[in-house]
$ cat coords_8.cif   # mmCIF, C-alpha atoms
data_structure
#
loop_
_atom_site.label_atom_id
_atom_site.label_comp_id
_atom_site.auth_asym_id
_atom_site.auth_seq_id
_atom_site.Cartn_x
_atom_site.Cartn_y
_atom_site.Cartn_z
CA MET A 1 0.00 0.00 0.00
CA ASP A 2 3.00 2.27 0.45
CA ASP A 3 4.47 1.13 -2.85
CA PRO A 4 1.74 0.97 -5.47
CA THR A 5 4.21 0.64 -8.34
CA PRO A 6 4.91 -3.01 -9.10
CA GLU A 7 8.46 -2.32 -10.26
CA ALA A 8 9.27 -0.84 -6.86
CA GLU A 9 8.50 -4.23 -5.33
CA PRO A 10 11.66 -6.31 -4.96
CA THR A 11 11.53 -9.21 -7.37
CA ASP A 12 13.09 -11.52 -4.84
CA PRO A 13 10.68 -12.62 -2.10
CA VAL A 14 13.34 -14.85 -0.59
CA PRO A 15 14.71 -13.28 2.58
CA THR A 16 18.01 -11.50 2.22
CA GLU A 17 21.04 -12.70 4.08
CA GLY A 18 20.64 -10.26 6.97
CA HIS A 19 16.98 -11.16 7.16
CA LEU A 20 17.80 -14.85 7.49
CA ARG A 21 20.48 -14.20 10.03
CA MET A 22 17.89 -12.97 12.51
CA THR A 23 14.98 -15.19 11.55
CA LEU A 24 16.52 -18.64 11.50
CA PRO A 25 17.92 -18.74 15.05
CA VAL A 26 14.65 -17.46 16.52
CA GLY A 27 12.59 -19.97 14.54
CA LEU A 28 14.92 -22.78 15.46
CA GLY A 29 14.61 -21.68 19.08
CA LEU A 30 10.82 -21.87 18.86
CA PHE A 31 10.90 -25.46 17.64
CA PRO A 32 12.30 -27.15 20.79
CA LEU A 33 10.10 -24.97 22.98
CA GLY A 34 7.18 -26.20 20.86
CA LEU A 35 8.37 -29.77 21.45
CA ALA A 36 8.25 -29.12 25.21
CA PHE A 37 4.77 -27.62 24.91
CA GLY A 38 3.48 -30.59 22.89
CA ALA A 39 4.90 -33.05 25.40
CA LEU A 40 3.27 -31.06 28.21
CA VAL A 41 -0.14 -31.24 26.50
CA VAL A 42 0.00 -35.04 26.39
CA HIS A 43 1.52 -35.18 29.87
CA ALA A 44 -1.47 -33.20 31.18
CA GLY A 45 -3.80 -35.86 29.82
CA LEU A 46 -5.05 -34.24 26.61
CA SER A 47 -5.04 -35.90 23.17
CA TRP A 48 -2.00 -35.08 21.02
CA TRP A 49 -3.96 -33.02 18.49
CA TRP A 50 -4.87 -30.45 21.12
CA ALA A 51 -1.23 -29.35 20.88
CA THR A 52 -1.82 -28.54 17.20
CA VAL A 53 -5.10 -26.77 18.00
CA PHE A 54 -3.63 -24.66 20.82
CA SER A 55 -0.50 -23.68 18.90
CA THR A 56 -2.42 -22.86 15.71
CA ILE A 57 -5.45 -21.01 17.09
CA VAL A 58 -4.19 -19.38 20.28
CA TYR A 59 -0.55 -19.00 19.15
CA ALA A 60 0.77 -17.21 22.21
CA GLY A 61 3.68 -19.27 23.53
CA SER A 62 3.80 -18.54 27.23
CA LEU A 63 0.02 -18.26 27.60
CA GLU A 64 -0.46 -21.70 26.02
CA PHE A 65 1.57 -23.33 28.79
CA LEU A 66 -0.74 -21.71 31.35
CA LEU A 67 -3.87 -22.58 29.34
CA VAL A 68 -3.15 -26.30 29.34
CA GLY A 69 -3.33 -26.38 33.12
CA MET A 70 -6.51 -24.31 33.09
CA ALA A 71 -8.16 -26.48 30.44
CA VAL A 72 -7.39 -29.64 32.39
CA THR A 73 -8.59 -28.35 35.76
CA GLY A 74 -11.65 -26.75 34.19
CA VAL A 75 -11.38 -23.23 35.59
CA PRO A 76 -14.20 -20.78 34.76
CA LEU A 77 -13.95 -19.09 31.35
CA ALA A 78 -13.92 -15.71 33.08
CA GLN A 79 -10.62 -16.66 34.68
CA VAL A 80 -9.26 -17.81 31.32
CA ALA A 81 -10.26 -14.44 29.86
CA LEU A 82 -8.70 -12.48 32.74
CA SER A 83 -5.45 -14.45 32.61
CA THR A 84 -5.25 -13.99 28.84
CA LEU A 85 -5.81 -10.25 29.21
CA LEU A 86 -3.11 -9.96 31.84
CA VAL A 87 -0.48 -12.26 30.39
CA ASN A 88 -0.84 -10.82 26.89
CA SER A 89 -1.46 -7.20 27.84
CA ARG A 90 2.15 -6.47 26.92
CA HIS A 91 1.13 -6.94 23.26
CA VAL A 92 -0.76 -3.66 23.49
CA PHE A 93 2.55 -1.86 23.42
CA TYR A 94 3.72 -3.69 20.31
CA ALA A 95 1.32 -1.61 18.22
CA LEU A 96 3.55 1.38 18.89
CA SER A 97 6.36 0.13 16.71
CA PHE A 98 5.39 -2.95 14.66
CA PRO A 99 5.60 -1.98 10.95
CA LEU A 100 1.98 -2.88 10.14
CA HIS A 101 1.91 -0.01 7.63
CA ASN A 102 4.32 -2.05 5.48
CA VAL A 103 1.93 -5.03 5.33
CA ASP A 104 -0.42 -5.13 2.34
CA GLY A 105 -4.08 -6.08 2.25
CA LYS A 106 -6.75 -6.85 4.81
CA VAL A 107 -5.91 -10.55 5.06
CA GLY A 108 -2.23 -9.73 5.39
CA LYS A 109 -2.83 -7.20 8.13
CA ALA A 110 -5.22 -9.57 9.91
CA TYR A 111 -2.63 -12.33 9.97
CA ALA A 112 0.22 -9.95 10.85
CA THR A 113 -1.64 -8.83 13.98
CA PHE A 114 -2.84 -12.36 14.81
CA ALA A 115 0.72 -13.68 14.66
CA LEU A 116 2.32 -10.70 16.43
CA THR A 117 4.18 -12.74 19.03
CA ASP A 118 7.09 -11.55 21.15
CA GLU A 119 9.49 -13.12 18.66
CA ALA A 120 7.78 -11.64 15.59
CA TYR A 121 7.78 -8.23 17.26
CA ALA A 122 11.42 -8.44 18.25
CA VAL A 123 12.58 -9.43 14.75
CA THR A 124 10.32 -7.15 12.69
CA THR A 125 11.11 -4.03 14.67
CA SER A 126 14.85 -4.51 14.42
CA PRO A 127 16.68 -1.77 12.50
CA GLU A 128 17.36 -4.00 9.49
CA ALA A 129 13.66 -4.95 9.27
CA GLN A 130 12.52 -1.41 8.57
CA ARG A 131 12.87 -1.91 4.83
CA TRP A 132 11.22 -5.34 4.71
CA THR A 133 8.37 -5.80 2.27
CA SER A 134 4.94 -7.08 3.15
CA ARG A 135 5.86 -10.55 1.89
CA GLN A 136 9.00 -10.64 3.99
CA ILE A 137 7.22 -9.64 7.20
CA ILE A 138 4.42 -12.16 6.65
CA GLY A 139 6.95 -14.77 5.57
CA VAL A 140 8.85 -14.45 8.83
CA GLN A 141 5.63 -14.70 10.83
CA VAL A 142 4.45 -17.79 8.93
CA PHE A 143 7.88 -19.39 9.40
CA PHE A 144 7.77 -18.72 13.15
CA GLN A 145 4.29 -20.19 13.47
CA LEU A 146 5.24 -23.26 11.42
CA CYS A 147 8.20 -23.83 13.75
CA TRP A 148 5.95 -23.50 16.77
CA VAL A 149 3.04 -25.63 15.49
CA GLY A 150 5.41 -28.22 14.03
CA GLY A 151 7.35 -28.47 17.29
CA ALA A 152 4.19 -28.71 19.37
CA THR A 153 2.64 -31.40 17.16
CA LEU A 154 5.81 -33.49 17.02
CA GLY A 155 6.33 -33.11 20.77
CA ALA A 156 2.79 -34.26 21.45
CA LEU A 157 3.10 -37.23 19.06
CA ALA A 158 6.41 -38.25 20.60
CA GLY A 159 4.95 -37.75 24.05
CA SER A 160 2.04 -40.05 23.31
CA VAL A 161 4.31 -42.99 22.43
CA LEU A 162 7.09 -42.43 24.98
CA PRO A 163 6.76 -43.16 28.70
CA LEU A 164 5.81 -39.73 29.99
CA ASP A 165 5.91 -40.59 33.65
CA GLN A 166 9.65 -40.12 33.14
CA LEU A 167 9.08 -36.50 32.23
CA ASP A 168 8.25 -34.92 35.58
CA GLY A 169 9.53 -31.39 35.65
CA LEU A 170 9.00 -30.67 31.96
CA ASP A 171 6.82 -27.67 32.80
CA PHE A 172 9.99 -26.04 34.11
CA ALA A 173 10.57 -25.01 30.47
CA LEU A 174 8.05 -22.22 31.06
CA THR A 175 9.95 -20.92 34.09
CA ALA A 176 13.16 -21.11 32.07
CA LEU A 177 11.53 -19.18 29.21
CA PHE A 178 10.52 -16.32 31.49
CA VAL A 179 13.94 -16.26 33.17
CA VAL A 180 15.54 -15.89 29.73
CA LEU A 181 13.08 -13.19 28.65
CA ALA A 182 13.68 -11.29 31.90
CA ILE A 183 17.44 -11.41 31.36
CA GLU A 184 17.03 -10.18 27.78
CA ALA A 185 14.72 -7.36 28.94
CA ALA A 186 17.28 -6.35 31.56
CA ARG A 187 20.03 -6.50 28.94
CA ASP A 188 18.06 -4.20 26.65
CA ARG A 189 17.39 -1.79 29.45
CA PRO A 190 19.00 -2.36 32.85
CA ASP A 191 16.65 -1.00 35.49
CA ARG A 192 17.08 -2.26 39.04
CA LEU A 193 14.29 -0.14 40.49
CA THR A 194 11.73 -1.57 38.04
CA ALA A 195 12.96 -5.08 38.82
CA ALA A 196 12.61 -4.40 42.54
CA VAL A 197 9.10 -2.97 42.08
CA ALA A 198 8.07 -6.11 40.17
CA ILE A 199 9.47 -8.44 42.83
CA VAL A 200 7.75 -6.53 45.64
CA CYS A 201 4.43 -6.50 43.73
CA ALA A 202 4.66 -10.26 43.13
CA ALA A 203 5.51 -10.89 46.79
CA VAL A 204 2.62 -8.75 48.03
CA ALA A 205 0.24 -10.43 45.56
CA LEU A 206 1.43 -13.86 46.69
CA ALA A 207 0.77 -12.89 50.30
CA ILE A 208 -2.75 -11.71 49.42
CA SER A 209 -3.79 -14.58 47.16
CA ARG A 210 -1.64 -17.11 45.35
CA GLU A 211 -4.57 -17.98 43.09
CA HIS A 212 -4.90 -14.38 41.92
CA LEU A 213 -1.22 -13.53 41.93
CA LEU A 214 -1.13 -12.41 38.30
CA PRO A 215 -3.98 -9.86 38.28
CA ILE A 216 -2.95 -8.35 41.62
CA ALA A 217 0.74 -8.16 40.77
CA PHE A 218 0.19 -6.78 37.25
CA ALA A 219 -2.27 -4.16 38.46
CA GLY A 220 0.04 -3.03 41.25
CA PHE A 221 3.09 -3.01 39.00
CA THR A 222 1.33 -1.03 36.25
CA ALA A 223 0.03 1.51 38.79
CA VAL A 224 3.49 2.04 40.28
CA GLN A 225 5.10 2.34 36.83
CA VAL A 226 2.53 4.91 35.66
CA TRP A 227 3.05 6.88 38.88
CA ARG A 228 6.84 6.74 38.44
CA ALA A 229 6.61 7.77 34.76
CA ARG A 230 4.40 10.75 35.58
CA ARG A 231 6.59 11.85 38.48
CA ASP A 232 9.90 11.38 36.74
CA PRO A 233 9.64 11.36 32.92
CA ILE A 234 12.73 10.11 31.12
CA ALA A 235 13.87 11.52 27.82
CA ILE A 236 12.77 9.18 25.04
CA PRO A 237 13.46 9.84 21.38
CA PRO A 238 10.15 10.58 19.64
CA GLU A 239 8.43 7.80 17.73
CA SER A 240 7.39 8.18 14.11
CA THR A 241 5.93 11.46 13.00
CA GLY A 242 3.29 9.99 10.72
CA PRO A 243 1.30 6.83 10.18
CA THR A 244 3.40 5.76 7.20
CA ALA A 245 6.84 6.58 8.54
CA PRO A 246 8.92 3.78 10.05
CA ALA A 247 7.79 3.53 13.63
CA ALA A 248 11.02 2.46 15.22
CA GLY A 249 14.18 4.46 14.99
CA PRO A 250 17.19 2.73 13.49
CA GLY A 251 18.97 2.58 16.83
CA GLU A 252 16.03 1.28 18.80
CA VAL A 253 16.46 -1.94 20.70
CA PRO A 254 13.55 -4.36 20.31
CA SER A 255 12.04 -5.51 23.56
CA MET B 256 -12.20 -34.16 29.75
CA ASN B 257 -14.95 -32.39 27.89
CA PRO B 258 -13.68 -31.34 24.44
CA VAL B 259 -16.27 -28.57 24.18
CA ALA B 260 -15.01 -26.99 27.40
CA ILE B 261 -11.41 -27.13 26.17
CA ALA B 262 -12.46 -25.70 22.81
CA ALA B 263 -14.14 -22.85 24.68
CA VAL B 264 -10.88 -22.15 26.53
CA VAL B 265 -9.07 -22.06 23.18
CA ALA B 266 -11.68 -19.78 21.60
CA VAL B 267 -11.74 -17.28 24.47
CA ALA B 268 -7.96 -17.11 24.75
CA SER B 269 -7.53 -16.80 20.99
CA ALA B 270 -10.11 -14.02 20.58
CA ILE B 271 -8.71 -11.95 23.45
CA THR B 272 -5.12 -12.44 22.36
CA TRP B 273 -5.91 -11.34 18.81
CA GLY B 274 -7.87 -8.38 20.13
CA LEU B 275 -4.95 -7.30 22.29
CA ARG B 276 -2.63 -7.55 19.31
CA ALA B 277 -4.87 -5.90 16.68
CA LEU B 278 -7.06 -3.28 18.37
CA PRO B 279 -4.24 -1.10 19.75
CA PHE B 280 -3.14 -0.26 16.21
CA ALA B 281 -6.35 1.75 15.87
CA ALA B 282 -6.58 2.90 19.47
CA LEU B 283 -2.96 3.92 19.91
CA ALA B 284 -2.47 5.65 16.59
CA PRO B 285 -3.16 9.11 18.07
CA LEU B 286 -1.00 8.21 21.08
CA ARG B 287 2.20 7.35 19.23
CA GLN B 288 3.61 10.59 20.56
CA SER B 289 2.51 9.93 24.15
CA ALA B 290 5.57 10.18 26.37
CA LEU B 291 3.87 8.18 29.10
CA LEU B 292 3.15 5.22 26.79
CA ALA B 293 6.62 5.37 25.31
CA GLN B 294 8.11 5.20 28.77
CA LEU B 295 5.84 2.33 29.80
CA ARG B 296 6.75 0.45 26.63
CA LEU B 297 10.38 0.62 27.70
CA THR B 298 9.99 -0.24 31.37
CA MET B 299 7.17 -2.80 31.42
CA PRO B 300 8.76 -5.90 29.78
CA LEU B 301 11.36 -6.50 32.50
CA GLY B 302 8.81 -6.30 35.31
CA ILE B 303 6.24 -8.43 33.47
CA MET B 304 8.79 -11.19 32.85
CA ILE B 305 9.90 -11.13 36.49
CA ILE B 306 6.30 -11.40 37.72
CA LEU B 307 5.60 -14.25 35.28
CA THR B 308 8.73 -16.06 36.45
CA ILE B 309 7.64 -15.78 40.08
CA TYR B 310 4.12 -16.90 39.15
CA THR B 311 5.37 -20.13 37.58
CA VAL B 312 7.18 -21.14 40.78
CA SER B 313 4.64 -19.72 43.25
CA GLY B 314 2.71 -22.98 43.47
CA ILE B 315 5.53 -25.25 44.56
CA GLU B 316 6.00 -26.32 48.16
CA VAL B 317 9.05 -25.01 49.98
CA THR B 318 11.00 -28.23 50.48
CA GLY B 319 14.71 -28.94 50.30
CA GLU B 320 14.19 -30.99 47.18
CA ASN B 321 12.26 -28.25 45.40
CA LEU B 322 14.77 -25.59 46.40
CA ILE B 323 17.54 -27.68 44.83
CA THR B 324 15.71 -28.70 41.63
CA TYR B 325 14.22 -25.27 40.90
CA GLY B 326 17.21 -23.31 42.17
CA ALA B 327 19.66 -25.31 40.06
CA GLY B 328 17.41 -25.14 37.00
CA ILE B 329 17.05 -21.36 37.25
CA ALA B 330 20.75 -20.84 37.99
CA VAL B 331 21.84 -22.94 35.00
CA THR B 332 19.30 -21.27 32.69
CA ALA B 333 20.33 -17.77 33.77
CA ALA B 334 24.06 -18.51 33.67
CA LEU B 335 23.84 -19.97 30.15
CA GLN B 336 21.76 -17.05 28.91
CA LEU B 337 24.16 -14.50 30.40
CA TRP B 338 27.13 -16.37 28.97
CA LYS B 339 26.09 -17.66 25.53
CA ARG B 340 22.88 -15.70 24.93
CA HIS B 341 21.35 -18.62 23.04
CA VAL B 342 17.67 -18.80 24.03
CA SER B 343 16.88 -22.39 23.09
CA ILE B 344 20.07 -23.82 24.58
CA SER B 345 19.51 -21.97 27.86
CA ILE B 346 15.94 -23.26 28.15
CA LEU B 347 16.69 -26.83 27.07
CA VAL B 348 19.75 -27.33 29.27
CA GLY B 349 18.16 -25.58 32.27
CA THR B 350 15.04 -27.72 31.94
CA ALA B 351 17.11 -30.89 31.48
CA VAL B 352 19.10 -30.13 34.66
CA HIS B 353 15.86 -29.55 36.58
CA MET B 354 14.29 -32.77 35.27
CA LEU B 355 17.39 -34.86 35.97
CA LEU B 356 17.49 -33.58 39.55
CA VAL B 357 13.76 -34.28 39.97
CA ALA B 358 14.26 -37.84 38.70
CA TRP B 359 17.35 -38.32 40.84
CA LEU B 360 16.00 -36.88 44.11
CA GLY B 361 12.42 -38.08 43.65
#
$ encode --input "coords_8.cif" --output "structure tokens"
Amino acid sequence: MDDPTPEAEPTDPVPTEGHLRMTLPVGLGLFPLGLAFGALVVHAGLSWWWATVFSTIVYAGSLEFLLVGMAVTGVPLAQVALSTLLVNSRHVFYALSFPLHNVDGKVGKAYATFALTDEAYAVTTSPEAQRWTSRQIIGVQVFFQLCWVGGATLGALAGSVLPLDQLDGLDFALTALFVVLAIEAARDRPDRLTAAVAIVCAAVALAISREHLLPIAFAGFTAVQVWRARRDPIAIPPESTGPTAPAAGPGEVPS
Amino acid sequence: MNPVAIAAVVAVASAITWGLRALPFAALAPLRQSALLAQLRLTMPLGIMIILTIYTVSGIEVTGENLITYGAGIAVTAALQLWKRHVSISILVGTAVHMLLVAWLG
């Protein structure tokens, strides 16, 4: 939509070298995590194909791990909705810099937003991704989802033929995932006070109600962060100046 | 387990997740210049990941065995990530260490 002239469209839809350099490792990282998710689905007592259904239709890595437990224990749908809102509320901020304006067509935009995972966001808002075409952005997202769905399905199939009582502790993969994401977030932007606020909020929430730890901790954390931002604004380079300009500056670190 | 109930979980989670990913593009367009949102976008991820990490271990009992298996798993995961910065290796090796200790101590 930004480039109506066909000759302006690169003739080569295959990702460039730099493009591949970022995409392949992330996709290959999704695959084993998908394997762990698939094995967890079967371990929890669900049929293997639920792994395919979850990873295709929900497609939100960390939330899916939580959903399996909820689906098995049969929690109320309201709690599923609340947990989804809270766990995935971070995606709200992705709209600020994901290059959706470079994606063509209604179907393309619909899929681009549907598949806007942490990984897709991180890769497509990198400096070298600012010149990607619609096909390249969608291609990366499809590749990521194939890695995830493929891993989940294979993990579930393997899990249904292997002795899974040997696999106690597999759900630790989720803890490990969040530890890694926290380290990467701290690497992007070291901030001890924010880390301390989060730990205190989680501890207070745990003391109030372990069952409702997430909503209480997220609400408290967000409130404190808004208060801190209002009281002590930090200088942030302005975002794009228009709806069609690249949203992320070339030096911006994806989160 | 009732497949309809599980399908309902999938449908609810999917619809809300998509909504959270898609709707802000319309809602936030006028707010791209908001300094408050820009600051939140920078500071939120670290805290959210820390809270999620704590949530995943909040249900375990405080026993010597759990302290060892979870502590070692987290330490190995974090050390590998700080050292090699290879997401899948950190997660796989950390999880393997945790599972081996669970099998060994259990």
$ resolve_selection --input "coords_8.cif" --expression "the PyMOL selection byres ((chain B) within 6 of (chain A))" --output "number ranges by chain"
B: 261, 268-269, 273, 275-277, 279-280, 296, 301-302, 304-306, 308, 311, 343, 346, 350, 354
$ atom_distance --input "coords_8.cif" --atom1 "atom CA of Gln336 of chain B" --atom2 "atom CA of Val142 of chain A"
26.4 Å
$ closest_residue --input "coords_8.cif" --among "B:His341, B:Leu356, B:Ile303, B:Val312" --to "Ala327 of chain B" --atoms "only C-alpha atoms"
B:Leu356
$ closest_residue --input "coords_8.cif" --among "A:Gly69, A:Gly155, A:Gly105, A:Gly150" --to "Ile138 of chain A" --atoms "only C-alpha atoms"
A:Gly105
$ atom_distance --input "coords_8.cif" --atom1 "atom CA of Pro99 of chain A" --atom2 "atom CA of Leu292 of chain B"
17.6 Å
$ atom_distance --input "coords_8.cif" --atom1 "atom CA of Gly220 of chain A" --atom2 "atom CA of Leu307 of chain B"
13.9 Å
$ resolve_selection --input "coords_8.cif" --expression "the PyMOL selection byres ((chain B and resi 349) around 7)" --output "JSON, numbers by chain"
{"A": [176], "B": [328, 329, 331, 332, 345, 346, 347, 348, 350, 351, 352, 353]}
$ axis_aligned_box --input "coords_8.cif" --around "segment 55-71 of chain A" --padding-each-side "5 Å" --output "AutoDock Vina command-line options"
--center_x -2.2 --center_y -21.8 --center_z 24.4 --size_x 22.0 --size_y 19.3 --size_z 27.4
